[in-house]
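To be precise, the following lines are entry-v3.csv, and they hold CSV, C-alpha atoms (C1' of nucleotides).
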chain,number,residue,atom,x,y,z
A,119,MET,CA,-117.0,-27.0,-5.4
A,120,ARG,CA,-113.7,-25.3,-6.1
A,121,TYR,CA,-110.8,-24.9,-3.6
A,122,GLY,CA,-110.3,-21.5,-2.1
A,123,ALA,CA,-107.1,-19.6,-2.8
A,124,ASP,CA,-104.1,-21.1,-1.0
A,125,PRO,CA,-101.6,-18.6,0.7
A,126,GLN,CA,-98.9,-21.2,0.4
A,127,ALA,CA,-99.4,-21.4,-3.4
A,128,LEU,CA,-98.8,-17.7,-3.6
A,129,LEU,CA,-95.7,-17.9,-1.3
A,130,ASP,CA,-94.3,-20.7,-3.6
A,131,TRP,CA,-94.8,-18.4,-6.6
A,132,TYR,CA,-93.2,-15.5,-4.7
A,133,ASP,CA,-90.1,-17.6,-3.9
A,134,THR,CA,-89.3,-17.7,-7.6
A,135,HIS,CA,-90.9,-14.5,-8.9
A,136,ALA,CA,-90.3,-11.9,-6.2
A,137,ARG,CA,-89.3,-8.6,-7.7
A,138,ASP,CA,-85.8,-7.4,-6.8
A,139,LEU,CA,-86.4,-4.1,-5.0
A,140,PRO,CA,-83.8,-2.0,-3.1
A,141,TRP,CA,-85.7,-1.9,0.2
A,142,ARG,CA,-86.6,-5.6,0.1
A,143,VAL,CA,-85.0,-8.7,1.6
A,144,SER,CA,-85.4,-11.5,-1.0
A,145,PRO,CA,-87.4,-14.5,0.1
A,146,ARG,CA,-84.2,-16.6,0.0
A,147,ASP,CA,-82.2,-14.2,2.2
A,148,ARG,CA,-85.3,-13.8,4.5
A,149,ALA,CA,-85.4,-17.6,4.9
A,150,ALA,CA,-81.7,-17.5,5.8
A,151,GLY,CA,-82.5,-15.2,8.7
A,152,GLU,CA,-81.9,-11.8,7.2
A,153,ARG,CA,-84.2,-9.1,8.5
A,154,PRO,CA,-85.5,-6.1,6.6
A,155,ASN,CA,-84.2,-2.7,7.9
A,156,PRO,CA,-87.3,-1.0,9.5
A,157,TYR,CA,-86.1,2.4,8.5
A,158,ARG,CA,-85.9,1.4,4.8
A,159,VAL,CA,-89.2,-0.4,4.9
A,160,TRP,CA,-90.9,2.7,6.4
A,161,LEU,CA,-89.3,5.0,4.0
A,162,SER,CA,-90.2,2.9,1.0
A,163,GLU,CA,-93.8,2.4,2.2
A,164,VAL,CA,-94.3,6.2,2.6
A,165,MET,CA,-92.8,6.9,-0.8
A,166,LEU,CA,-95.0,4.2,-2.4
A,167,GLN,CA,-98.2,5.6,-1.1
A,168,GLN,CA,-100.2,6.2,-4.3
A,169,THR,CA,-96.9,6.2,-6.2
A,170,THR,CA,-95.4,3.6,-8.6
A,171,VAL,CA,-92.3,1.6,-8.0
A,172,ALA,CA,-90.7,3.1,-11.1
A,173,ALA,CA,-91.1,6.6,-9.7
A,174,VAL,CA,-89.9,5.7,-6.2
A,175,ARG,CA,-86.6,3.8,-7.0
A,176,GLY,CA,-84.4,6.9,-7.7
A,177,TYR,CA,-85.8,8.8,-4.8
A,178,PHE,CA,-85.3,5.9,-2.4
A,179,GLU,CA,-81.7,5.5,-3.5
A,180,ARG,CA,-81.0,9.2,-3.1
A,181,PHE,CA,-82.7,9.5,0.3
A,182,THR,CA,-80.9,6.4,1.8
A,183,LYS,CA,-77.6,7.6,0.4
A,184,LEU,CA,-78.1,11.1,2.0
A,185,TRP,CA,-79.7,9.8,5.2
A,186,PRO,CA,-78.7,6.2,5.9
A,187,THR,CA,-80.5,6.1,9.3
A,188,VAL,CA,-83.7,7.6,10.8
A,189,GLY,CA,-81.4,9.6,13.0
A,190,ASP,CA,-79.7,11.1,10.0
A,191,LEU,CA,-83.0,12.0,8.5
A,192,ALA,CA,-84.3,13.5,11.7
A,193,ALA,CA,-81.3,15.8,11.9
A,194,ALA,CA,-81.7,17.0,8.3
A,195,GLU,CA,-82.9,20.5,7.4
A,196,ASP,CA,-86.5,20.8,6.3
A,197,ALA,CA,-85.7,22.6,3.1
A,198,LYS,CA,-83.2,19.9,2.1
A,199,VAL,CA,-85.6,17.1,2.6
A,200,MET,CA,-88.5,18.9,0.8
A,201,GLY,CA,-86.0,19.7,-2.1
A,202,GLU,CA,-85.1,16.0,-2.4
A,203,TRP,CA,-88.8,15.0,-2.4
A,204,ALA,CA,-89.7,17.5,-5.1
A,205,GLY,CA,-91.3,15.8,-8.1
A,206,LEU,CA,-92.6,12.8,-6.2
A,207,GLY,CA,-95.8,14.5,-5.2
A,208,TYR,CA,-98.1,14.5,-2.2
A,209,TYR,CA,-95.8,16.7,-0.3
A,210,ALA,CA,-97.6,16.2,3.0
A,211,ARG,CA,-95.8,12.9,3.0
A,212,ALA,CA,-92.4,14.6,3.1
A,213,ARG,CA,-93.5,16.9,5.9
A,214,ASN,CA,-94.9,13.9,7.9
A,215,LEU,CA,-91.8,11.9,7.1
A,216,LEU,CA,-89.7,14.4,8.9
A,217,LYS,CA,-92.1,14.7,11.8
A,218,CYS,CA,-92.2,10.9,12.1
A,219,ALA,CA,-88.4,10.6,12.0
A,220,ARG,CA,-88.0,13.2,14.8
A,221,VAL,CA,-90.7,11.5,16.9
A,222,VAL,CA,-89.0,8.1,16.5
A,223,VAL,CA,-85.7,9.7,17.6
A,224,ALA,CA,-87.0,11.8,20.4
A,225,GLU,CA,-89.6,9.5,21.9
A,226,HIS,CA,-88.6,6.0,20.8
A,227,GLY,CA,-84.8,6.1,21.1
A,228,GLY,CA,-84.4,6.0,17.3
A,229,ARG,CA,-86.2,2.6,16.9
A,230,PHE,CA,-89.5,2.2,15.2
A,231,PRO,CA,-92.4,0.7,17.2
A,232,GLU,CA,-92.8,-2.9,16.4
A,233,THR,CA,-96.6,-3.1,16.7
A,234,ARG,CA,-99.3,-2.0,14.3
A,235,ALA,CA,-100.9,0.2,16.9
A,236,GLY,CA,-97.5,1.8,17.9
A,237,LEU,CA,-96.7,2.5,14.2
A,238,ARG,CA,-100.2,3.8,13.5
A,239,ALA,CA,-99.7,6.6,16.1
A,240,LEU,CA,-96.9,8.1,14.0
A,241,PRO,CA,-97.3,11.0,11.6
A,242,GLY,CA,-98.0,9.9,8.0
A,243,ILE,CA,-98.6,6.3,9.0
A,244,GLY,CA,-102.2,5.2,8.4
A,245,PRO,CA,-103.9,1.8,8.6
A,246,TYR,CA,-102.3,0.4,5.5
A,247,THR,CA,-98.7,1.6,6.2
A,248,ALA,CA,-98.9,0.5,9.9
A,249,ALA,CA,-99.9,-3.0,8.9
A,250,ALA,CA,-97.4,-3.2,6.1
A,251,ILE,CA,-94.4,-2.2,8.3
A,252,ALA,CA,-95.5,-4.6,11.1
A,253,ALA,CA,-95.8,-7.4,8.6
A,254,ILE,CA,-92.8,-6.7,6.4
A,255,ALA,CA,-90.3,-5.4,9.0
A,256,TYR,CA,-91.4,-7.5,12.0
A,257,ASP,CA,-93.1,-10.4,10.3
A,258,GLN,CA,-96.3,-10.0,12.2
A,259,PRO,CA,-99.6,-11.5,10.8
A,260,GLU,CA,-101.3,-8.2,10.2
A,261,VAL,CA,-103.9,-7.8,7.5
A,262,VAL,CA,-102.3,-5.6,4.8
A,263,VAL,CA,-104.9,-4.0,2.5
A,264,ASP,CA,-103.8,-1.7,-0.3
A,265,GLY,CA,-105.0,-1.1,-3.8
A,266,ASN,CA,-103.3,-4.3,-5.0
A,267,VAL,CA,-105.0,-6.4,-2.3
A,268,GLU,CA,-108.4,-4.8,-3.0
A,269,ARG,CA,-108.1,-5.7,-6.7
A,270,VAL,CA,-106.9,-9.2,-6.1
A,271,MET,CA,-109.6,-9.9,-3.5
A,272,ALA,CA,-112.3,-8.4,-5.7
A,273,ARG,CA,-111.3,-10.7,-8.5
A,274,LEU,CA,-110.8,-13.8,-6.4
A,275,HIS,CA,-114.3,-13.5,-5.1
A,276,ASP,CA,-115.9,-11.8,-8.1
A,277,ILE,CA,-117.0,-8.9,-5.8
A,278,ARG,CA,-118.9,-6.4,-8.0
A,279,THR,CA,-119.8,-3.9,-5.4
A,280,PRO,CA,-118.0,-0.7,-6.3
A,281,LEU,CA,-115.2,0.8,-4.1
A,282,PRO,CA,-115.1,2.4,-1.6
A,283,MET,CA,-118.4,0.6,-0.5
A,284,ALA,CA,-116.8,-2.8,-1.0
A,285,LYS,CA,-113.9,-2.0,1.3
A,286,PRO,CA,-115.1,-3.9,4.4
A,287,GLU,CA,-115.9,-7.0,2.3
A,288,LEU,CA,-112.5,-6.9,0.7
A,289,THR,CA,-110.7,-6.4,4.0
A,290,ALA,CA,-112.6,-9.5,5.4
A,291,ALA,CA,-111.5,-11.5,2.4
A,292,ALA,CA,-107.9,-10.4,2.9
A,293,ALA,CA,-108.0,-11.2,6.6
A,294,ALA,CA,-109.3,-14.7,5.8
A,295,LEU,CA,-106.2,-15.4,3.7
A,296,THR,CA,-103.4,-13.8,5.8
A,297,PRO,CA,-101.2,-16.7,7.0
A,298,ARG,CA,-99.5,-17.1,10.4
A,299,ARG,CA,-96.4,-18.4,8.6
A,300,ARG,CA,-94.3,-15.8,6.6
A,301,PRO,CA,-96.9,-13.0,6.8
A,302,GLY,CA,-94.2,-10.5,5.7
A,303,ASP,CA,-93.4,-12.4,2.5
A,304,TYR,CA,-97.1,-13.0,2.0
A,305,ALA,CA,-97.9,-9.3,2.1
A,306,GLN,CA,-95.2,-8.5,-0.4
A,307,ALA,CA,-96.3,-11.5,-2.5
A,308,VAL,CA,-99.9,-10.2,-2.9
A,309,MET,CA,-98.5,-6.8,-4.0
A,310,ASP,CA,-96.1,-8.4,-6.5
A,311,LEU,CA,-99.0,-10.5,-7.8
A,312,GLY,CA,-101.1,-7.3,-8.2
A,313,ALA,CA,-98.2,-5.4,-9.8
A,314,THR,CA,-97.1,-8.1,-12.3
A,315,ILE,CA,-100.0,-10.5,-13.0
A,316,CYS,CA,-103.3,-9.3,-11.5
A,317,THR,CA,-102.8,-5.9,-13.1
A,318,PRO,CA,-105.6,-3.3,-13.4
A,319,LYS,CA,-106.0,-3.6,-17.2
A,320,SER,CA,-104.9,-6.8,-18.9
A,321,PRO,CA,-104.4,-9.4,-16.1
A,322,ALA,CA,-102.2,-12.3,-17.0
A,323,CYS,CA,-104.6,-14.9,-15.6
A,324,GLY,CA,-103.0,-17.7,-17.5
A,325,VAL,CA,-99.9,-17.6,-15.3
A,326,CYS,CA,-101.5,-16.7,-12.0
A,327,PRO,CA,-100.8,-19.0,-9.1
A,328,TRP,CA,-104.3,-18.5,-7.9
A,329,MET,CA,-106.1,-18.9,-11.3
A,330,GLY,CA,-107.8,-22.1,-10.1
A,331,ALA,CA,-109.4,-20.3,-7.2
A,332,CYS,CA,-110.4,-17.1,-9.0
A,333,ALA,CA,-114.2,-16.5,-9.4
A,334,ALA,CA,-113.7,-13.5,-11.7
A,335,ARG,CA,-111.5,-15.6,-14.1
A,336,MET,CA,-114.3,-18.2,-14.1
A,337,ALA,CA,-116.9,-15.5,-14.7
A,338,GLY,CA,-114.9,-13.6,-17.3
A,339,THR,CA,-115.1,-10.4,-15.2
A,340,ALA,CA,-111.4,-10.1,-14.0
A,341,SER,CA,-110.4,-7.1,-16.2
A,342,GLU,CA,-113.5,-5.1,-15.1
A,343,LEU,CA,-112.8,-5.5,-11.4
A,344,PRO,CA,-112.8,-3.8,-9.0
A,345,LYS,CA,-115.6,-1.5,-9.9
A,346,LYS,CA,-115.2,2.1,-8.7
A,347,THR,CA,-117.7,4.9,-8.3
A,348,ALA,CA,-117.2,7.6,-11.0
A,349,LYS,CA,-115.0,10.5,-10.1
A,350,ALA,CA,-116.1,14.1,-10.4
A,351,ALA,CA,-114.8,16.1,-13.5
A,352,LYS,CA,-111.9,18.3,-12.9
A,353,PRO,CA,-112.5,22.1,-13.1
A,354,VAL,CA,-110.0,24.4,-14.8
A,355,ARG,CA,-108.3,27.1,-12.7
A,356,LEU,CA,-106.1,29.9,-13.9
A,357,GLY,CA,-103.2,31.8,-12.3
A,358,TYR,CA,-100.1,33.9,-12.8
A,359,ALA,CA,-96.5,33.0,-12.0
A,360,TYR,CA,-93.6,35.4,-11.8
A,361,VAL,CA,-90.0,34.7,-12.5
A,362,ALA,CA,-87.7,37.6,-11.7
A,363,GLN,CA,-84.0,37.5,-12.5
A,364,ARG,CA,-81.3,39.9,-11.3
A,365,ALA,CA,-78.3,40.7,-13.5
A,366,ASP,CA,-76.1,38.4,-11.3
A,367,GLY,CA,-78.5,35.6,-12.2
A,368,ALA,CA,-80.2,35.4,-8.8
A,369,LEU,CA,-83.9,34.3,-9.0
A,370,LEU,CA,-86.8,35.4,-6.8
A,371,LEU,CA,-88.2,32.3,-5.1
A,372,GLU,CA,-90.8,31.8,-2.4
A,373,ARG,CA,-91.2,29.1,0.2
A,374,ARG,CA,-94.9,28.0,0.3
A,375,PRO,CA,-96.7,27.8,3.6
A,376,ASP,CA,-96.5,24.5,5.4
A,377,ARG,CA,-100.0,23.4,4.6
A,378,GLY,CA,-102.3,22.9,1.6
A,379,LEU,CA,-101.3,22.4,-2.0
A,380,LEU,CA,-97.5,22.1,-2.5
A,381,GLY,CA,-97.1,23.0,1.2
A,382,GLY,CA,-93.5,23.5,2.3
A,383,MET,CA,-92.2,23.5,-1.2
A,384,LEU,CA,-90.2,26.1,-3.1
A,385,GLY,CA,-92.0,28.0,-5.9
A,386,TRP,CA,-92.4,31.1,-7.9
A,387,PRO,CA,-94.4,34.0,-6.4
A,388,GLY,CA,-97.8,34.3,-8.1
A,389,SER,CA,-101.5,34.9,-7.9
A,390,ASP,CA,-104.0,32.6,-6.3
A,391,TRP,CA,-105.3,29.9,-8.6
A,392,SER,CA,-109.0,30.4,-9.4
A,393,VAL,CA,-111.5,31.1,-12.2
A,394,ALA,CA,-110.5,34.7,-12.4
A,395,PRO,CA,-107.2,35.4,-10.7
A,396,GLU,CA,-105.8,38.9,-10.1
A,397,PRO,CA,-102.3,39.6,-11.4
A,398,ALA,CA,-99.9,39.8,-8.4
A,399,PRO,CA,-96.4,40.8,-9.3
A,400,PRO,CA,-94.0,40.4,-6.4
A,401,VAL,CA,-91.8,43.3,-7.3
A,402,ALA,CA,-92.2,46.4,-9.5
A,403,ALA,CA,-90.6,45.6,-12.9
A,404,GLU,CA,-91.3,45.5,-16.6
A,405,TRP,CA,-93.0,42.1,-16.7
A,406,ARG,CA,-93.3,40.3,-20.0
A,407,MET,CA,-96.0,37.7,-20.2
A,408,LEU,CA,-95.1,34.7,-22.3
A,409,GLU,CA,-97.1,33.5,-25.2
A,410,ALA,CA,-97.1,29.9,-23.9
A,411,GLU,CA,-98.7,29.0,-20.6
A,412,ALA,CA,-97.7,26.3,-18.2
A,413,ARG,CA,-100.3,23.6,-18.0
A,414,HIS,CA,-100.5,21.1,-15.2
A,415,THR,CA,-103.1,18.7,-13.8
A,416,PHE,CA,-103.4,18.2,-10.1
A,417,THR,CA,-105.5,15.6,-8.3
A,418,HIS,CA,-108.7,17.6,-8.4
A,419,PHE,CA,-108.2,20.4,-11.0
A,420,HIS,CA,-106.5,21.5,-14.2
A,421,LEU,CA,-104.3,24.5,-14.0
A,422,ARG,CA,-103.2,27.0,-16.6
A,423,LEU,CA,-100.5,29.4,-15.5
A,424,ARG,CA,-99.6,32.6,-17.3
A,425,VAL,CA,-95.9,32.9,-17.0
A,426,CYS,CA,-94.4,36.4,-16.5
A,427,VAL,CA,-90.7,37.2,-16.6
A,428,ALA,CA,-88.6,40.2,-15.8
A,429,ASP,CA,-85.0,41.4,-15.4
A,430,VAL,CA,-84.8,43.4,-12.2
A,431,GLY,CA,-82.2,45.8,-10.6
A,432,ALA,CA,-79.6,44.7,-8.1
A,433,ARG,CA,-81.2,46.4,-5.2
A,434,VAL,CA,-85.0,45.9,-5.7
A,435,GLN,CA,-86.9,44.9,-2.6
A,436,PRO,CA,-89.6,42.3,-3.5
A,437,CYS,CA,-92.8,42.3,-1.4
A,438,ARG,CA,-92.7,38.5,-1.5
A,439,GLY,CA,-90.0,35.8,-1.7
A,440,GLU,CA,-86.3,36.1,-1.6
A,441,PHE,CA,-83.5,36.2,-4.2
A,442,ARG,CA,-81.5,33.0,-4.4
A,443,PRO,CA,-78.1,33.0,-6.1
A,444,ARG,CA,-78.3,31.0,-9.3
A,445,GLN,CA,-75.5,28.7,-8.1
A,446,GLU,CA,-77.5,27.7,-5.1
A,447,PHE,CA,-80.6,26.8,-7.2
A,448,ARG,CA,-81.4,23.5,-8.9
A,449,PRO,CA,-84.7,23.2,-10.8
A,450,SER,CA,-85.0,19.7,-9.3
A,451,GLU,CA,-85.8,21.3,-6.0
A,452,LEU,CA,-89.1,22.5,-7.5
A,453,PRO,CA,-92.4,20.6,-7.6
A,454,THR,CA,-93.2,19.7,-11.1
A,455,VAL,CA,-95.7,22.5,-11.9
A,456,MET,CA,-93.0,25.1,-10.8
A,457,ARG,CA,-90.4,23.4,-12.9
A,458,LYS,CA,-92.6,23.7,-15.9
A,459,VAL,CA,-92.9,27.4,-15.2
A,460,PHE,CA,-89.1,27.6,-15.0
A,461,ASP,CA,-88.5,25.7,-18.2
A,462,LEU,CA,-90.7,28.2,-20.0
A,463,ALA,CA,-89.3,31.3,-18.3
A,464,GLN,CA,-85.7,30.2,-18.8
A,465,GLY,CA,-86.0,30.4,-22.6
A,466,ALA,CA,-87.6,33.8,-22.5
A,467,LEU,CA,-84.9,35.2,-20.1
A,468,GLU,CA,-82.1,33.9,-22.2
A,469,ASN,CA,-83.4,35.5,-25.4
A,470,GLY,CA,-84.3,38.7,-23.5
A,471,CYS,CA,-87.3,39.0,-25.8
B,110,DA,C1',-117.0,11.6,5.9
B,111,DA,C1',-116.2,13.7,1.7
B,112,DA,C1',-112.6,16.3,-0.1
B,113,DA,C1',-107.9,17.6,-0.5
B,114,DC,C1',-103.7,16.2,-1.8
B,115,DG,C1',-99.0,15.2,-7.2
B,116,DT,C1',-97.1,13.1,-10.6
B,117,DG,C1',-95.7,10.2,-14.7
B,118,DG,C1',-96.8,6.5,-17.6
B,119,DG,C1',-100.0,3.7,-20.4
B,120,DC,C1',-103.5,3.3,-23.7
C,33,DT,C1',-105.4,14.5,-26.0
C,34,DG,C1',-107.5,13.0,-22.0
C,35,DC,C1',-108.7,9.8,-18.7
C,36,DC,C1',-107.2,6.0,-15.6
C,37,DC,C1',-104.1,4.3,-12.6
C,38,DA,C1',-100.3,3.5,-8.6
C,39,DA,C1',-97.9,0.0,-1.8
C,40,DG,C1',-103.1,6.2,1.3
C,41,DT,C1',-103.3,9.8,4.9
C,42,DT,C1',-105.2,13.8,6.9
C,43,DT,C1',-108.8,16.9,8.2

Any chance you could give the structure as structure tokens?
Amino acid sequence: MRYGADPQALLDWYDTHARDLPWRVSPRDRAAGERPNPYRVWLSEVMLQQTTVAAVRGYFERFTKLWPTVGDLAAAEDAKVMGEWAGLGYYARARNLLKCARVVVAEHGGRFPETRAGLRALPGIGPYTAAAIAAIAYDQPEVVVDGNVERVMARLHDIRTPLPMAKPELTAAAAALTPRRRPGDYAQAVMDLGATICTPKSPACGVCPWMGACAARMAGTASELPKKTAKAAKPVRLGYAYVAQRADGALLLERRPDRGLLGGMLGWPGSDWSVAPEPAPPVAAEWRMLEAEARHTFTHFHLRLRVCVADVGARVQPCRGEFRPRQEFRPSELPTVMRKVFDLAQGALENGC
DNA sequence: AAAACGTGGGC
DNA sequence: TGCCCAAGTTT
């Protein structure tokens, strides 16, 4: 009979191996009484949804420098926030981020709710994020279940049922381990364990604080867990994108509608994206279609965009989009697929070919 | 409740 | 190159 995993053993490991992250209070400082800033915890948790720490760092630094408090963020212009989020993906997060900030200011006096249920009611905060904020910011013993926790629990108990079917079992396993003491540090400790030792591919079982309790290590199945049901193949969609430039350098840009793919983001006017799209130039001009196409893969399809460029007159009236002075445009405001289009178009517009 | 929703890095 | 993966939420 082996011993079960001990939360305290993980907390001991965390005390010496915690990652140093800009939104985190170190276990040492936490023990000395320092509290995490709920605004920073919330912002980091939303940014980290389905997104790596490496990708988030820079965005977190820029956001907190521009908007140090939830009140600052709530007062920001939508376009500015969407532009700062560009490149991070899942843009509904940014739209909900603003909604949430404004609700917190308007209905909660600028302070985040301190309970899981109160947090869960806010835009963009689901079961995971509500529990994570309650645990990390307010040290409440909530059961935090994210992808890391699922992987660690699946291995600890050698659970071979594929996700998402295994979810209830994994949640129960996580609940059984969540401690009453230091639940905030514990939640972060499991995530650090998942990110640095109990990794998806080649877990470093030899240095794991829970190796003695791990059923998958015993069975030799760790690197194969958790099992996941196979995903559907991605279809290919095609489309046209149009980059119009005036002699003064102004570019024709379009704000996308507030819902759906890339909702609320800046982009180039274009056709729909489908199997057989119709060309849809936003203004009459001598369009030149580039040899190269912009290729991009979204969550559920591959996209190939034909890129068309044109130099247009000073007074043309586009049927879609608005001209933006070149000085007021930064490619970093664009979602990645649109930045790829711009990179291709820029070369063509410079050569005038 | 299944599907929509981004992106960059690793192998 | 292509597929898998990362601190999920919404409809």

Set the distance at 10 Å and use only C-alpha atoms (C1' of nucleotides): which residues neighbour DC114 (chain B) once local chain neighbours fewer than 2 positions away are removed? I'd like the list as number ranges by chain. A: 207-211, 378-381, 416-418; B: 112; C: 41-42

Can you measure CA of Val361 (chain A) to CA of Pro453 (chain A) for me? One decimal in Å is fine.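 So the answer is 15.1 Å.
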
Output the contact residues of chain A with respect to chain C at a cut-off of 9 Å, based on only C-alpha atoms (C1' of nucleotides), as an NGL selection string. :A and (162-171 or 210-211 or 242-247 or 250 or 264-266 or 309 or 318)

If I take CA of Val459 (chain A) and CA of Trp405 (chain A), how far is one from the other in Å, to one decimal? 14.8 Å

Separation of CA of Pro400 (chain A) from CA of Tyr360 (chain A) in Å: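 It comes out at 7.4 Å.
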
If we count only C-alpha atoms (C1' of nucleotides), which residues of chain B reach to within 8 Å of chain A? Please list them as a list in words.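 Written out as asked, the residues are DA113, DC114, DG115, DT116 and DG117 of chain B.
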
Anything within 9 Å of (-116.5, 13.0, -2.8): list those residues as a count of residues only, counting all atoms listed in the file and sticking to the file's coordinates. 5

Residue with smallest distance to Ala365 (chain A) - pool A:Ala337, A:Ala212, A:Ala294, A:Leu467, counting only C-alpha atoms: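 The shortest atom-to-atom distance to Ala365 (chain A) comes from A:Leu467.
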
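In this comparison, which uses only C-alpha atoms, the residue of A:Ser450, A:Asn214, A:Gln126, A:Thr317 approaching Arg300 (chain A) most closely is A:Gln126.
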
Extract chain C from the coordinates I pasted, and write it as a short mmCIF file (atom, residue, chain, number, x, y, z; two decimals), in the first residue's frame (atoms kept: N, CA, C and O atoms (P, O5', C5', C4', C3', O3' and C1' of nucleotides)).
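Everything below was put into result-v5.cif:
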data_model
loop_
_atom_site.label_atom_id
_atom_site.label_comp_id
_atom_site.auth_asym_id
_atom_site.auth_seq_id
_atom_site.Cartn_x
_atom_site.Cartn_y
_atom_site.Cartn_z
P DT C 33 7.76 24.59 -44.32
"O5'" DT C 33 6.83 23.29 -44.25
"C5'" DT C 33 6.88 22.37 -45.32
"C4'" DT C 33 6.01 21.22 -44.91
"C3'" DT C 33 4.63 21.65 -44.39
"O3'" DT C 33 3.68 20.66 -44.81
"C1'" DT C 33 5.81 20.54 -42.67
P DG C 34 2.12 20.93 -44.63
"O5'" DG C 34 1.78 20.15 -43.28
"C5'" DG C 34 2.06 18.76 -43.19
"C4'" DG C 34 1.80 18.30 -41.78
"C3'" DG C 34 0.49 18.81 -41.18
"O3'" DG C 34 -0.07 17.76 -40.40
"C1'" DG C 34 2.25 19.45 -39.80
P DC C 35 -1.62 17.73 -40.13
"O5'" DC C 35 -1.66 17.20 -38.63
"C5'" DC C 35 -0.75 16.17 -38.23
"C4'" DC C 35 -0.38 16.38 -36.79
"C3'" DC C 35 -1.55 16.82 -35.92
"O3'" DC C 35 -1.66 15.95 -34.82
"C1'" DC C 35 0.34 18.21 -35.57
P DC C 36 -2.79 16.14 -33.75
"O5'" DC C 36 -1.96 16.58 -32.46
"C5'" DC C 36 -0.76 15.89 -32.13
"C4'" DC C 36 -0.15 16.55 -30.92
"C3'" DC C 36 -1.19 16.99 -29.89
"O3'" DC C 36 -0.79 16.60 -28.59
"C1'" DC C 36 0.13 18.85 -30.58
P DC C 37 -1.81 16.76 -27.40
"O5'" DC C 37 -1.26 18.06 -26.66
"C5'" DC C 37 0.14 18.21 -26.45
"C4'" DC C 37 0.42 19.66 -26.11
"C3'" DC C 37 -0.63 20.27 -25.18
"O3'" DC C 37 -0.08 20.44 -23.87
"C1'" DC C 37 0.00 21.75 -26.96
P DA C 38 -1.05 20.77 -22.67
"O5'" DA C 38 -0.86 22.36 -22.51
"C5'" DA C 38 0.44 22.91 -22.46
"C4'" DA C 38 0.29 24.38 -22.14
"C3'" DA C 38 -0.97 24.70 -21.34
"O3'" DA C 38 -0.60 24.98 -20.00
"C1'" DA C 38 -0.86 26.03 -23.35
P DA C 39 -1.20 24.04 -18.86
"O5'" DA C 39 -2.41 24.88 -18.33
"C5'" DA C 39 -2.12 25.94 -17.40
"C4'" DA C 39 -3.43 26.64 -17.17
"C3'" DA C 39 -3.82 27.56 -18.33
"O3'" DA C 39 -5.24 27.58 -18.39
"C1'" DA C 39 -3.53 28.80 -16.35
P DG C 40 -5.96 26.65 -19.48
"O5'" DG C 40 -7.30 27.53 -19.59
"C5'" DG C 40 -8.42 27.19 -18.78
"C4'" DG C 40 -9.41 28.29 -19.04
"C3'" DG C 40 -10.77 28.05 -18.39
"O3'" DG C 40 -11.26 29.31 -17.96
"C1'" DG C 40 -10.96 28.05 -20.77
P DT C 41 -12.81 29.46 -17.45
"O5'" DT C 41 -13.53 30.08 -18.73
"C5'" DT C 41 -13.01 31.29 -19.28
"C4'" DT C 41 -14.00 31.86 -20.28
"C3'" DT C 41 -15.46 31.82 -19.80
"O3'" DT C 41 -16.06 33.07 -20.11
"C1'" DT C 41 -15.24 30.64 -21.85
P DT C 42 -17.64 33.31 -19.82
"O5'" DT C 42 -18.26 33.08 -21.27
"C5'" DT C 42 -17.69 33.78 -22.38
"C4'" DT C 42 -18.43 33.41 -23.65
"C3'" DT C 42 -19.95 33.44 -23.53
"O3'" DT C 42 -20.45 34.19 -24.62
"C1'" DT C 42 -19.24 31.37 -24.41
P DT C 43 -21.99 34.60 -24.70
"O5'" DT C 43 -22.63 33.52 -25.68
"C5'" DT C 43 -22.17 33.44 -27.04
"C4'" DT C 43 -22.84 32.29 -27.73
"C3'" DT C 43 -24.34 32.16 -27.44
"O3'" DT C 43 -25.04 31.87 -28.63
"C1'" DT C 43 -23.26 30.13 -26.99
#
